[in-house]
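Undergrad: Below is the file final22.cif, with mmCIF, C-alpha atoms.
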```cif
data_data
loop_
_atom_site.label_atom_id
_atom_site.label_comp_id
_atom_site.auth_asym_id
_atom_site.auth_seq_id
_atom_site.Cartn_x
_atom_site.Cartn_y
_atom_site.Cartn_z
CA MET J 73 54.06 125.46 91.91
CA SER J 74 52.13 126.02 95.13
CA ARG J 75 53.39 128.14 98.01
CA ARG J 76 52.62 128.45 101.68
CA GLY J 77 51.75 132.16 101.63
CA LYS J 78 52.13 135.37 99.65
CA VAL J 79 53.18 137.28 102.77
CA VAL J 80 55.57 135.88 105.36
CA VAL J 81 55.48 137.55 108.77
CA LEU J 82 58.51 137.15 111.05
CA CYS J 83 57.98 138.69 114.49
CA GLU J 84 58.42 138.15 118.20
CA ASP J 85 55.00 137.42 119.65
CA LYS J 86 51.32 136.71 119.03
CA ARG J 87 50.22 140.28 119.70
CA THR J 88 52.46 141.52 116.89
CA GLN J 89 51.03 138.78 114.69
CA GLN J 90 47.49 139.93 115.47
CA PHE J 91 48.44 143.55 114.75
CA LEU J 92 49.98 142.69 111.39
CA ARG J 93 47.23 140.27 110.40
CA SER J 94 44.71 143.11 110.93
CA PHE J 95 46.90 145.42 108.81
CA LEU J 96 47.18 142.80 106.04
CA LYS J 97 43.45 142.15 106.00
CA LYS J 98 42.96 145.84 105.21
CA LEU J 99 45.27 145.21 102.25
CA SER J 100 42.84 142.46 101.15
CA TYR J 101 45.03 139.49 102.04
CA GLU J 102 43.16 136.32 103.00
CA ASN J 103 44.28 134.17 105.92
CA HIS J 104 45.59 131.46 103.60
CA GLU J 105 47.84 134.04 101.89
CA ILE J 106 49.59 134.92 105.17
CA ARG J 107 52.24 132.70 106.75
CA MET J 108 53.13 133.56 110.33
CA SER J 109 56.51 132.35 111.53
CA PRO J 110 56.14 130.35 114.78
CA VAL J 111 56.49 132.28 118.05
CA GLY J 112 56.64 131.40 121.73
CA PHE J 113 59.92 129.61 122.29
CA GLY J 114 63.39 130.74 123.41
CA SER J 115 64.57 134.34 123.07
CA ALA J 116 62.04 135.95 120.73
CA GLU J 117 64.35 138.77 119.68
CA GLN J 118 67.27 136.44 118.96
CA ARG J 119 65.02 134.04 117.08
CA VAL J 120 63.86 136.80 114.72
CA ARG J 121 67.44 137.92 114.03
CA THR J 122 68.55 134.33 113.44
CA GLN J 123 65.63 133.49 111.14
CA TYR J 124 65.77 136.73 109.16
CA PRO J 125 68.59 135.70 106.73
CA THR J 126 66.80 132.42 105.99
CA GLU J 127 63.54 134.19 105.15
CA VAL J 128 65.34 136.81 103.03
CA ASP J 129 67.19 134.09 101.12
CA THR J 130 63.93 132.18 100.57
CA LEU J 131 62.20 135.29 99.26
CA ARG J 132 65.03 136.05 96.85
CA LYS J 133 64.88 132.53 95.46
CA CYS J 134 61.09 132.52 95.24
CA GLN J 135 59.62 132.08 91.75
CA PHE J 136 56.68 134.38 92.51
CA ALA J 137 57.21 138.09 91.84
CA ASP J 138 54.60 139.22 94.37
CA GLN J 139 56.11 137.51 97.44
CA VAL J 140 56.54 139.77 100.50
CA LEU J 141 58.45 139.48 103.78
CA ILE J 142 57.51 141.55 106.84
CA THR J 143 59.92 141.46 109.77
CA ALA J 144 58.93 143.15 113.03
CA LEU J 145 61.38 143.46 115.88
CA ASP J 146 60.87 145.48 119.07
CA ALA J 147 63.61 148.03 119.74
CA ASP J 148 63.31 147.46 123.51
CA THR J 149 66.10 149.57 125.10
CA LEU J 150 67.93 150.02 121.78
CA THR J 151 67.21 152.43 118.92
CA VAL J 152 65.47 151.80 115.62
CA GLU J 153 68.83 152.21 113.89
CA ASP J 154 70.40 149.59 116.19
CA ARG J 155 67.83 146.99 115.20
CA HIS J 156 68.18 147.74 111.49
CA ARG J 157 71.93 147.43 111.81
CA GLN J 158 71.63 144.09 113.62
CA LEU J 159 69.45 142.69 110.85
CA GLU J 160 71.89 143.91 108.17
CA GLU J 161 74.74 142.29 110.10
CA SER J 162 72.83 139.00 110.22
CA LEU J 163 72.58 139.06 106.42
CA ALA J 164 76.29 139.75 106.08
CA LYS J 165 77.19 136.88 108.42
CA ALA J 166 75.05 134.57 106.30
CA GLY J 167 76.87 135.71 103.15
CA LEU J 168 73.83 137.55 101.80
CA ALA J 169 73.64 140.97 100.19
CA LYS J 170 72.12 143.78 102.21
CA ARG J 171 68.47 144.63 101.71
CA ASP J 172 67.82 146.54 98.51
CA PRO J 173 65.34 149.44 98.75
CA ASP J 174 63.31 147.93 95.90
CA GLU J 175 62.96 144.51 97.52
CA ARG J 176 59.60 143.64 99.05
CA ILE J 177 61.15 143.27 102.48
CA SER J 178 59.53 145.45 105.11
CA VAL J 179 61.30 145.95 108.45
CA LEU J 180 59.20 147.37 111.27
CA VAL J 181 60.80 148.36 114.57
CA PRO J 182 58.35 149.44 117.28
CA ARG J 183 60.04 151.38 120.05
CA ARG J 184 59.88 150.51 122.83
CA ASN J 185 57.63 147.63 121.82
CA ILE J 186 54.48 146.83 119.83
CA GLU J 187 52.33 147.90 122.79
CA THR J 188 53.69 151.44 122.34
CA TRP J 189 52.36 151.49 118.78
CA ILE J 190 49.01 150.04 119.83
CA LEU J 191 48.56 152.79 122.42
CA ALA J 192 49.64 155.56 120.02
CA LEU J 193 47.33 154.30 117.27
CA SER J 194 44.50 154.12 119.81
CA GLY J 195 44.93 157.80 120.66
CA LYS J 196 46.62 157.17 124.00
CA VAL J 197 49.49 159.20 125.38
CA CYS J 198 52.66 157.10 125.52
CA ARG J 199 56.46 157.35 125.57
CA GLU J 200 59.01 155.31 123.62
CA ASP J 201 61.35 155.03 126.59
CA GLU J 202 58.73 153.34 128.76
CA SER J 203 57.63 149.70 128.51
CA TYR J 204 53.89 149.04 128.32
CA LYS J 205 54.17 145.30 127.78
CA PRO J 206 51.82 143.65 130.29
CA PRO J 207 52.38 140.30 132.01
CA PRO J 208 50.46 137.35 130.52
CA GLY J 209 46.83 137.29 131.57
CA GLY J 210 45.28 139.90 133.82
CA THR J 211 43.44 143.13 133.13
CA LYS J 212 46.20 144.94 131.21
CA HIS J 213 46.66 141.97 128.90
CA GLN J 214 42.95 141.96 128.10
CA GLU J 215 42.97 145.72 127.51
CA PHE J 216 45.63 145.36 124.82
CA GLN J 217 43.80 142.42 123.26
CA ALA J 218 40.76 144.66 122.91
CA LEU J 219 42.82 147.36 121.15
CA VAL J 220 45.14 145.41 118.86
CA GLU J 221 42.82 144.71 115.91
CA ASP J 222 41.66 148.30 115.54
CA ALA J 223 45.26 149.49 115.96
CA GLY J 224 46.29 147.32 113.01
CA LYS J 225 43.52 148.87 110.90
CA ARG J 226 44.62 152.34 111.97
CA PHE J 227 48.22 151.46 111.00
CA TYR J 228 46.92 150.76 107.50
CA GLU J 229 45.14 154.12 107.38
CA VAL J 230 48.11 156.25 108.47
CA THR J 231 50.57 154.47 106.16
CA ARG J 232 48.66 155.00 102.90
CA PRO J 233 50.37 157.28 100.32
CA ASN J 234 47.27 159.51 100.22
CA ALA J 235 46.58 159.37 103.96
CA THR J 236 44.68 162.35 105.32
CA GLU J 237 45.03 161.18 108.91
CA PRO J 238 47.45 163.11 111.16
CA GLN J 239 50.83 161.49 111.62
CA PRO J 240 51.34 159.46 114.82
CA THR J 241 53.18 161.18 117.65
CA VAL J 242 55.55 158.22 118.13
CA ASP J 243 58.79 158.63 116.16
CA SER J 244 59.38 154.93 115.44
CA LEU J 245 55.83 154.67 114.08
CA ASN J 246 56.42 157.56 111.69
CA ARG J 247 59.64 155.92 110.53
CA ALA J 248 57.70 152.75 109.77
CA ILE J 249 55.44 154.46 107.23
CA PRO J 250 57.74 153.96 104.18
CA GLU J 251 58.41 150.40 105.33
CA ALA J 252 54.68 149.62 105.48
CA ARG J 253 54.26 151.00 101.98
CA LYS J 254 56.56 148.27 100.66
CA VAL J 255 53.65 145.87 101.20
CA PRO J 256 51.27 146.12 98.21
CA LYS J 257 47.57 145.42 98.18
CA ALA J 258 46.91 141.74 97.65
CA HIS J 259 45.74 142.06 94.06
CA ASP J 260 47.55 145.21 92.90
CA SER J 261 50.55 143.45 91.39
CA PRO J 262 50.09 142.99 87.59
CA GLY J 263 52.23 139.87 87.82
CA ASN J 264 50.08 138.35 90.56
CA ASN J 265 50.89 134.64 90.94
CA ILE J 266 53.07 134.65 87.82
CA PRO J 267 56.60 133.28 88.35
CA ALA J 268 59.39 135.81 88.62
CA PRO J 269 62.17 135.69 85.98
CA SER J 270 65.55 134.19 86.84
CA GLY J 271 68.79 136.13 86.76
CA ASN J 272 70.00 134.71 83.42
CA PRO J 273 69.48 137.36 80.65
CA ALA J 274 68.18 134.88 78.08
CA SER J 275 65.74 133.30 80.49
CA VAL J 276 64.69 136.75 81.68
CA ARG J 277 63.70 137.69 78.10
CA TRP J 278 61.83 134.40 77.67
CA SER J 279 60.16 134.71 81.07
CA MET J 280 59.02 138.29 80.47
CA THR J 281 57.51 137.25 77.12
CA SER J 282 55.71 134.40 78.86
CA ARG J 283 54.44 136.75 81.56
CA LEU J 284 52.99 139.09 78.90
CA HIS J 285 51.24 136.19 77.18
CA LEU J 286 49.81 135.02 80.49
CA LEU J 287 48.61 138.52 81.33
CA TRP J 288 47.03 138.87 77.86
CA ALA J 289 45.25 135.55 78.30
CA ARG J 290 44.03 136.52 81.77
CA THR J 291 42.70 139.87 80.46
CA ALA J 292 40.95 138.20 77.54
CA TRP J 293 38.88 136.13 79.94
CA ILE J 294 37.74 139.10 82.07
#
```
Show how you would write the structure in this file as structure tokens.

TA:
Amino acid sequence: MSRRGKVVVLCEDKRTQQFLRSFLKKLSYENHEIRMSPVGFGSAEQRVRTQYPTEVDTLRKCQFADQVLITALDADTLTVEDRHRQLEESLAKAGLAKRDPDERISVLVPRRNIETWILALSGKVCREDESYKPPPGGTKHQEFQALVEDAGKRFYEVTRPNATEPQPTVDSLNRAIPEARKVPKAHDSPGNNIPAPSGNPASVRWSMTSRLHLLWARTAWI
């Protein structure tokens, strides 16, 4: 069965999309493997919180074992913990189980916003209690556009398990490191593009046997 993307990105704005697309490209994902949730209408923060349970439910029902969901939500004037709690509450209201640590669901919370991370990753001095989000258009907007792609690449570098780069000075960025590591390289999963087993024990045994046969066949052709 075909799918719309191996990685689904749910976030507030286009700049965050650009940042995460740059990060994902460093993980060897192609554009067609990335599905960006639409942005640019209504309350961006509320839209992410409302859509989050739907995307989590879709991922859990997905037949592909290598499917990933990345959710990015600016903290704004709240804390990182506040945003995590809001997302957990949205799952509970939808009748869904809370996020399991082993699930490929990455939650990133830039504080105060994604522009803070871009500045920090670009070596600029910045504070989490100050907003750096520029108005649309203008010089400041263009300055961030010039920085965002390299900042996404730098995010990849500092979040690797064997990273030798110094840790960022922004607390919310450091907290995001284990979340970023939930996203595997595009072709690292041994079950790449092979359907995930269902929850029924008998079908799990059958599915795992089928997966091993498929992997053996794939290896034999290499």

Undergrad: How far is it from CA of Asp138 in chain J to CA of Val79 in chain J, in Å with one decimal?

TA: 8.7 Å

Undergrad: Quick one: distance from CA of Pro233 in chain J to CA of Ile249 in chain J in Å, one decimal?

TA: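 CA of Ile249 in chain J lies 9.0 Å from CA of Pro233 in chain J.
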
Undergrad: Identify which of the residues J:Thr241, J:Ser94, J:Thr149, J:Asn246 lies closest to Asp201 in chain J, counting all atoms listed in the file when measuring atom-to-atom distances.

TA: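 Selected residue with least distance to Asp201 in chain J: J:Thr149.
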
Undergrad: Counting only C-alpha atoms, which residue out of J:Ala235, J:Phe216, J:Gly224, J:Leu145 sits closest to Val179 in chain J?

TA: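 Smallest separation from Val179 in chain J among the options: J:Leu145.
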
Undergrad: Determine, counting all atoms listed in the file, which protein, DNA and RNA residues have an atom within 8 Å of an atom of Arg87 in chain J; residues of the same chain fewer than 4 positions away are not included. Present the result as a list in words.

TA: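 Neighbouring residues, sequence-local ones excluded: Phe91, Ile186, Gln217 and Val220 of chain J.
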
Undergrad: Closest to Pro125 in chain J among J:Leu141, J:Leu82, J:Ile106, J:Ala166, using all atoms listed in the file?

TA: J:Ala166

Undergrad: Looking at J:Cys134, J:Val128, J:Leu191, J:Leu99, which one is nearest to Ala164 in chain J, with distances taken over all atoms listed in the file?

TA: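 Under the stated criterion, the closest residue is J:Val128.
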
Undergrad: What's the 6 Å shell around Pro182 in chain J, counting all atoms listed in the file, without same-chain residues fewer than 3 positions away, as an MDAnalysis selection string?

TA: chainID J and resid 146:147 185:186 244

Undergrad: Which residue is closest to Val242 in chain J? Choose from J:Gln123, J:Ser109, J:Ser194, J:Thr211 and count all atoms listed in the file.

TA: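 Using all atoms listed in the file, Val242 in chain J sits closest to J:Ser194.
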
Undergrad: Here's the selection I'm unsure about, the PyMOL selection byres ((chain J and resi 168) around 12); applied to the file above, which residues does it give, as a list of chain:residue names?

TA: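 Answer for the PyMOL selection byres ((chain J and resi 168) around 12): J:Tyr124, J:Pro125, J:Thr126, J:Glu127, J:Val128, J:Asp129, J:Thr130, J:Arg132, J:Leu159, J:Glu160, J:Glu161, J:Ser162, J:Leu163, J:Ala164, J:Lys165, J:Ala166, J:Gly167, J:Ala169, J:Lys170, J:Arg171, J:Asp172.
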
Undergrad: Do you have the CA of Tyr101 in chain J-CA of Thr188 in chain J distance handy?

TA: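 CA of Thr188 in chain J lies 25.1 Å from CA of Tyr101 in chain J.
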
Undergrad: Give the answer as one residue: which of J:Ser115, J:Gln239, J:Ile190, J:Val181 has the shortest atom-to-atom distance to Arg157 in chain J, using all atoms listed in the file?

TA: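 Comparing J:Ser115, J:Gln239, J:Ile190, J:Val181 against Arg157 in chain J, the winner is J:Val181.
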
Undergrad: Mind telling me what the PyMOL selection byres ((chain J and resi 110) around 12) catches here, as a list of chain:residue names?

TA: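 This file, filtered by the PyMOL selection byres ((chain J and resi 110) around 12), leaves J:Val80, J:Val81, J:Leu82, J:Cys83, J:Glu84, J:Asp85, J:Lys86, J:Thr88, J:Gln89, J:Arg107, J:Met108, J:Ser109, J:Val111, J:Gly112, J:Phe113, J:Gly114, J:Ala116, J:Arg119, J:Val120, J:Gln123.
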
Undergrad: Name every residue that the PyMOL selection byres ((chain J and resi 225) around 10) selects in this structure, writing the answer as a ChimeraX atom specification with chains first and numbers rising.

TA: /J:91-99,193,220-224,226-230

Undergrad: Please report, as JSON lines, each residue of range 128-236 of chain J lying at most 7 Å from range 250-260 of chain J, together with the nearest pair of atoms and the separation in Å rounded to one decimal; use only C-alpha atoms, and order rows by chain and ascending residue number.

TA:
```
{"residue": "J:Val140", "atom": "CA", "partner": "J:Val255", "partner_atom": "CA", "distance": 6.8}
{"residue": "J:Arg176", "atom": "CA", "partner": "J:Lys254", "partner_atom": "CA", "distance": 5.8}
{"residue": "J:Ser178", "atom": "CA", "partner": "J:Glu251", "partner_atom": "CA", "distance": 5.1}
{"residue": "J:Val179", "atom": "CA", "partner": "J:Glu251", "partner_atom": "CA", "distance": 6.2}
{"residue": "J:Leu180", "atom": "CA", "partner": "J:Glu251", "partner_atom": "CA", "distance": 6.7}
{"residue": "J:Thr231", "atom": "CA", "partner": "J:Ala252", "partner_atom": "CA", "distance": 6.4}
{"residue": "J:Arg232", "atom": "CA", "partner": "J:Arg253", "partner_atom": "CA", "distance": 6.9}
```

Undergrad: Kindly add N, CA and C atoms to the incomplete range 246-263 of chain J and provide the output as a PDB file, keeping the file's coordinate frame.

TA:
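File rebuild_11.pdb, as written:
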```pdb
ATOM      1  N   ASN J 246      56.267 156.738 112.885  1.00  0.00           N
ATOM      2  CA  ASN J 246      56.420 157.560 111.690  1.00  0.00           C
ATOM      3  C   ASN J 246      57.496 157.003 110.764  1.00  0.00           C
ATOM      4  N   ARG J 247      58.566 156.495 111.348  1.00  0.00           N
ATOM      5  CA  ARG J 247      59.640 155.920 110.530  1.00  0.00           C
ATOM      6  C   ARG J 247      59.198 154.650 109.821  1.00  0.00           C
ATOM      7  N   ALA J 248      58.184 154.005 110.360  1.00  0.00           N
ATOM      8  CA  ALA J 248      57.700 152.750 109.770  1.00  0.00           C
ATOM      9  C   ALA J 248      56.805 152.982 108.559  1.00  0.00           C
ATOM     10  N   ILE J 249      56.377 154.201 108.323  1.00  0.00           N
ATOM     11  CA  ILE J 249      55.440 154.460 107.230  1.00  0.00           C
ATOM     12  C   ILE J 249      55.997 154.029 105.872  1.00  0.00           C
ATOM     13  N   PRO J 250      57.219 154.436 105.481  1.00  0.00           N
ATOM     14  CA  PRO J 250      57.740 153.960 104.180  1.00  0.00           C
ATOM     15  C   PRO J 250      57.960 152.451 104.144  1.00  0.00           C
ATOM     16  N   GLU J 251      58.247 151.853 105.290  1.00  0.00           N
ATOM     17  CA  GLU J 251      58.410 150.400 105.330  1.00  0.00           C
ATOM     18  C   GLU J 251      57.072 149.700 105.084  1.00  0.00           C
ATOM     19  N   ALA J 252      56.008 150.219 105.674  1.00  0.00           N
ATOM     20  CA  ALA J 252      54.680 149.620 105.480  1.00  0.00           C
ATOM     21  C   ALA J 252      54.225 149.750 104.033  1.00  0.00           C
ATOM     22  N   ARG J 253      54.657 150.798 103.365  1.00  0.00           N
ATOM     23  CA  ARG J 253      54.260 151.000 101.980  1.00  0.00           C
ATOM     24  C   ARG J 253      54.950 150.050 101.015  1.00  0.00           C
ATOM     25  N   LYS J 254      55.933 149.313 101.494  1.00  0.00           N
ATOM     26  CA  LYS J 254      56.560 148.270 100.660  1.00  0.00           C
ATOM     27  C   LYS J 254      55.615 147.093 100.444  1.00  0.00           C
ATOM     28  N   VAL J 255      54.596 146.989 101.295  1.00  0.00           N
ATOM     29  CA  VAL J 255      53.650 145.870 101.200  1.00  0.00           C
ATOM     30  C   VAL J 255      52.489 146.310 100.311  1.00  0.00           C
ATOM     31  N   PRO J 256      52.335 145.700  99.136  1.00  0.00           N
ATOM     32  CA  PRO J 256      51.270 146.120  98.210  1.00  0.00           C
ATOM     33  C   PRO J 256      49.923 145.534  98.617  1.00  0.00           C
ATOM     34  N   LYS J 257      48.880 146.059  98.031  1.00  0.00           N
ATOM     35  CA  LYS J 257      47.570 145.420  98.180  1.00  0.00           C
ATOM     36  C   LYS J 257      47.636 144.029  97.550  1.00  0.00           C
ATOM     37  N   ALA J 258      46.814 143.140  98.041  1.00  0.00           N
ATOM     38  CA  ALA J 258      46.910 141.740  97.650  1.00  0.00           C
ATOM     39  C   ALA J 258      46.798 141.521  96.158  1.00  0.00           C
ATOM     40  N   HIS J 259      45.996 142.322  95.478  1.00  0.00           N
ATOM     41  CA  HIS J 259      45.740 142.060  94.060  1.00  0.00           C
ATOM     42  C   HIS J 259      46.183 143.219  93.179  1.00  0.00           C
ATOM     43  N   ASP J 260      47.083 144.073  93.693  1.00  0.00           N
ATOM     44  CA  ASP J 260      47.550 145.210  92.900  1.00  0.00           C
ATOM     45  C   ASP J 260      48.653 144.846  91.922  1.00  0.00           C
ATOM     46  N   SER J 261      49.408 143.794  92.234  1.00  0.00           N
ATOM     47  CA  SER J 261      50.550 143.450  91.390  1.00  0.00           C
ATOM     48  C   SER J 261      50.068 142.894  90.050  1.00  0.00           C
ATOM     49  N   PRO J 262      50.509 143.493  88.894  1.00  0.00           N
ATOM     50  CA  PRO J 262      50.090 142.990  87.590  1.00  0.00           C
ATOM     51  C   PRO J 262      50.606 141.590  87.309  1.00  0.00           C
ATOM     52  N   GLY J 263      51.671 141.200  88.016  1.00  0.00           N
ATOM     53  CA  GLY J 263      52.230 139.870  87.820  1.00  0.00           C
ATOM     54  C   GLY J 263      51.758 138.911  88.886  1.00  0.00           C
TER      55      GLY J 263
END
```
